[in-house]
Amino acid sequence: MMQSRTHNCGELRAQHAGEHVKLVGWMENVREVGGSLAFVVLRDFYGTTQIVVETSELLAQIKGYNKESTISVEGTVRERASKNPNQPTGDIEVKVTELRLLAKAETPPFEIVENSDVKDVTRLKYRYLDLRRPDMQRMIALRHKIVKICRDYFDEQGFLEIETPILTKSTPEGARDYLVPSRVHPGKFYALPQSPQQYKQLLMLSGFDRYFQIARCFRDEDL
């Protein structure tokens with residue numbers, strides 16, 4: 001089976017100089033210097049790597065791709081002549097020997113950059129592009145780390161993570177019901193529990209000494 005990549009785009013450092021590598025990512029930017037030379041920024045979830053095209057054949061090939069096209073490149077890692085100290089991979093670049101298009105993209109409706117000022121309607125319509133932005137990916141990764149810390153701590157203290165029902169029979173309470181219609185029972189609805197402490201009490205009566213739940217938040221209200 002062909003190996004899809006040897007490294008990710010945020011991994012290569014100066015100590016990798018001389019190695020033959022294979023990278024896969026989105027083509028973020030192309031900067032032609034003249035003749036048959038061009039610098040390409042390749043991006044994936046882990047970061048960016050500068051790749052260098054030094055032949056007219058490869059340059060003609062790369063010029064036919066739009067930004068955000070998915071490409072696979074093979075080449076040799078070398079130290080940059082002009083290093084970028086602000087970038088983790090800023091000491092190296094990859095001289096391309098083979099270039100392959102995996103998926104050609106249409107011209108993106110907005111630039112994939114941090115802290116984009118694009119309207120929310122456009123961001124949600126093209127959510128798969130919005131989620132490629134580094135700041136969005138960092139926030140999702142941060143949420144994962146926070147939840148993992150909580151889970152690890154409670155586990156060390158002897159707690160069990162138990163999911164109680166998210167939907168149940170509607171009960172008369174003060175808050176507005178969040179209703180979900182039942183497909184198999186026409187005219188009937190499920191609702192979010194208004195008294196979730198009942199589930200906690202059931203677990204206590206059943207002998208579960210310690211439990212926790214990372215609950216999902218639903219609101220049928222104006223923000």
# chains A, B, ... in the order shown; residues from 1 in each chain; ligands from 1

call {"tool": "residues_around", "arguments": {"residues": "region 75-81 of chain A", "least_positions_apart": "5", "cutoff": "12 Å", "atoms": "only C-alpha atoms", "output": "PyMOL selection string"}}
result
chain A and resi 5-7+11-24+39+49-54+89-100

call {"tool": "write_last_selection", "arguments": {"atoms": "N, CA and C atoms", "output": "mmCIF file, in the first residue's frame"}}
result
data_model
loop_
_atom_site.group_PDB
_atom_site.id
_atom_site.type_symbol
_atom_site.label_atom_id
_atom_site.label_comp_id
_atom_site.auth_asym_id
_atom_site.auth_seq_id
_atom_site.Cartn_x
_atom_site.Cartn_y
_atom_site.Cartn_z
ATOM 1 N N ARG A 5 1.908 9.853 3.336
ATOM 2 C CA ARG A 5 2.853 10.899 3.707
ATOM 3 C C ARG A 5 3.859 10.333 4.702
ATOM 4 N N THR A 6 5.033 10.960 4.748
ATOM 5 C CA THR A 6 6.041 10.555 5.730
ATOM 6 C C THR A 6 6.033 11.481 6.937
ATOM 7 N N HIS A 7 5.620 12.722 6.723
ATOM 8 C CA HIS A 7 5.573 13.723 7.793
ATOM 9 C C HIS A 7 4.356 14.613 7.558
ATOM 10 N N GLU A 11 5.927 19.462 11.018
ATOM 11 C CA GLU A 11 6.841 18.541 11.704
ATOM 12 C C GLU A 11 8.311 18.717 11.345
ATOM 13 N N LEU A 12 8.610 19.116 10.133
ATOM 14 C CA LEU A 12 9.994 19.112 9.661
ATOM 15 C C LEU A 12 10.814 20.240 10.292
ATOM 16 N N ARG A 13 12.065 19.899 10.639
ATOM 17 C CA ARG A 13 12.992 20.848 11.242
ATOM 18 C C ARG A 13 14.349 20.735 10.547
ATOM 19 N N ALA A 14 15.306 21.535 11.008
ATOM 20 C CA ALA A 14 16.627 21.562 10.374
ATOM 21 C C ALA A 14 17.307 20.201 10.418
ATOM 22 N N GLN A 15 17.045 19.411 11.466
ATOM 23 C CA GLN A 15 17.688 18.101 11.572
ATOM 24 C C GLN A 15 17.196 17.113 10.518
ATOM 25 N N HIS A 16 16.114 17.453 9.817
ATOM 26 C CA HIS A 16 15.606 16.584 8.753
ATOM 27 C C HIS A 16 16.256 16.881 7.398
ATOM 28 N N ALA A 17 17.158 17.866 7.357
ATOM 29 C CA ALA A 17 17.791 18.246 6.086
ATOM 30 C C ALA A 17 18.454 17.034 5.445
ATOM 31 N N GLY A 18 18.230 16.892 4.143
ATOM 32 C CA GLY A 18 18.790 15.770 3.404
ATOM 33 C C GLY A 18 17.853 14.593 3.263
ATOM 34 N N GLU A 19 16.768 14.574 4.043
ATOM 35 C CA GLU A 19 15.831 13.458 3.990
ATOM 36 C C GLU A 19 14.865 13.603 2.814
ATOM 37 N N HIS A 20 14.486 12.473 2.245
ATOM 38 C CA HIS A 20 13.454 12.448 1.197
ATOM 39 C C HIS A 20 12.104 12.267 1.890
ATOM 40 N N VAL A 21 11.183 13.181 1.649
ATOM 41 C CA VAL A 21 9.911 13.171 2.365
ATOM 42 C C VAL A 21 8.745 13.251 1.391
ATOM 43 N N LYS A 22 7.577 12.917 1.916
ATOM 44 C CA LYS A 22 6.329 13.048 1.163
ATOM 45 C C LYS A 22 5.321 13.757 2.049
ATOM 46 N N LEU A 23 4.759 14.851 1.543
ATOM 47 C CA LEU A 23 3.786 15.656 2.281
ATOM 48 C C LEU A 23 2.470 15.723 1.511
ATOM 49 N N VAL A 24 1.391 15.882 2.262
ATOM 50 C CA VAL A 24 0.063 16.048 1.667
ATOM 51 C C VAL A 24 -0.625 17.215 2.377
ATOM 52 N N PHE A 39 7.745 29.471 -4.966
ATOM 53 C CA PHE A 39 7.624 29.009 -3.590
ATOM 54 C C PHE A 39 6.147 28.768 -3.295
ATOM 55 N N THR A 49 4.378 24.211 5.550
ATOM 56 C CA THR A 49 5.743 23.968 5.091
ATOM 57 C C THR A 49 5.921 24.644 3.750
ATOM 58 N N GLN A 50 7.074 25.299 3.578
ATOM 59 C CA GLN A 50 7.372 25.905 2.290
ATOM 60 C C GLN A 50 7.989 24.856 1.377
ATOM 61 N N ILE A 51 7.419 24.741 0.186
ATOM 62 C CA ILE A 51 7.998 23.843 -0.803
ATOM 63 C C ILE A 51 8.464 24.684 -1.985
ATOM 64 N N VAL A 52 9.499 24.186 -2.665
ATOM 65 C CA VAL A 52 10.132 24.951 -3.738
ATOM 66 C C VAL A 52 10.041 24.180 -5.047
ATOM 67 N N VAL A 53 9.550 24.851 -6.065
ATOM 68 C CA VAL A 53 9.470 24.292 -7.421
ATOM 69 C C VAL A 53 10.565 24.949 -8.248
ATOM 70 N N GLU A 54 11.419 24.136 -8.878
ATOM 71 C CA GLU A 54 12.572 24.691 -9.576
ATOM 72 C C GLU A 54 12.681 24.246 -11.034
ATOM 73 N N THR A 89 8.394 25.701 11.155
ATOM 74 C CA THR A 89 9.146 25.037 10.079
ATOM 75 C C THR A 89 9.955 26.040 9.263
ATOM 76 N N GLY A 90 10.205 27.202 9.857
ATOM 77 C CA GLY A 90 10.818 28.295 9.106
ATOM 78 C C GLY A 90 12.283 28.127 8.768
ATOM 79 N N ASP A 91 12.931 27.075 9.282
ATOM 80 C CA ASP A 91 14.348 26.856 8.974
ATOM 81 C C ASP A 91 14.557 25.990 7.741
ATOM 82 N N ILE A 92 13.482 25.385 7.248
ATOM 83 C CA ILE A 92 13.643 24.424 6.148
ATOM 84 C C ILE A 92 12.664 24.707 5.019
ATOM 85 N N GLU A 93 12.909 24.038 3.905
ATOM 86 C CA GLU A 93 11.984 24.001 2.783
ATOM 87 C C GLU A 93 12.163 22.651 2.103
ATOM 88 N N VAL A 94 11.222 22.294 1.271
ATOM 89 C CA VAL A 94 11.284 21.018 0.564
ATOM 90 C C VAL A 94 11.407 21.288 -0.931
ATOM 91 N N LYS A 95 12.515 20.831 -1.524
ATOM 92 C CA LYS A 95 12.705 20.942 -2.972
ATOM 93 C C LYS A 95 11.933 19.810 -3.636
ATOM 94 N N VAL A 96 10.945 20.160 -4.429
ATOM 95 C CA VAL A 96 10.009 19.178 -4.983
ATOM 96 C C VAL A 96 10.628 18.441 -6.170
ATOM 97 N N THR A 97 10.463 17.110 -6.155
ATOM 98 C CA THR A 97 10.861 16.285 -7.303
ATOM 99 C C THR A 97 9.647 15.655 -7.978
ATOM 100 N N GLU A 98 8.539 15.557 -7.225
ATOM 101 C CA GLU A 98 7.322 14.974 -7.782
ATOM 102 C C GLU A 98 6.119 15.665 -7.170
ATOM 103 N N LEU A 99 5.161 15.976 -8.007
ATOM 104 C CA LEU A 99 3.974 16.719 -7.579
ATOM 105 C C LEU A 99 2.736 16.044 -8.146
ATOM 106 N N ARG A 100 1.730 15.847 -7.278
ATOM 107 C CA ARG A 100 0.520 15.168 -7.750
ATOM 108 C C ARG A 100 -0.721 15.885 -7.202
#

call {"tool": "residues_around", "arguments": {"residues": "region 203-212 of chain A", "least_positions_apart": "3", "cutoff": "12 Å", "atoms": "only C-alpha atoms", "output": "PyMOL selection string"}}
result
chain A and resi 150-164+196-200+215

call {"tool": "select_by_dssp", "arguments": {"residues": "region 57-103 of chain A", "states": "strand (DSSP E)", "output": "NGL selection string"}}
result
:A and (70-79 or 92-103)

call {"tool": "closest_residue", "arguments": {"among": "A:Ala38, A:Pro88, A:Leu131, A:Glu68", "to": "Gly10 (chain A)", "atoms": "only C-alpha atoms"}}
result
A:Pro88

call {"tool": "closest_residue", "arguments": {"among": "A:Ser4, A:Leu129, A:Val30, A:Arg138", "to": "Glu74 (chain A)", "atoms": "only C-alpha atoms"}}
result
A:Ser4

call {"tool": "residues_around", "arguments": {"residues": "Thr107 (chain A)", "least_positions_apart": "4", "cutoff": "10 Å", "atoms": "only C-alpha atoms", "output": "PyMOL selection string"}}
result
chain A and resi 65-69+111

call {"tool": "closest_residue", "arguments": {"among": "A:Lys169, A:Arg31, A:His144, A:Arg127", "to": "Ser195 (chain A)", "atoms": "only C-alpha atoms"}}
result
A:Lys169

call {"tool": "atom_distance", "arguments": {"atom1": "CA of Arg132 (chain A)", "atom2": "CA of Glu32 (chain A)"}}
result
24.5 Å
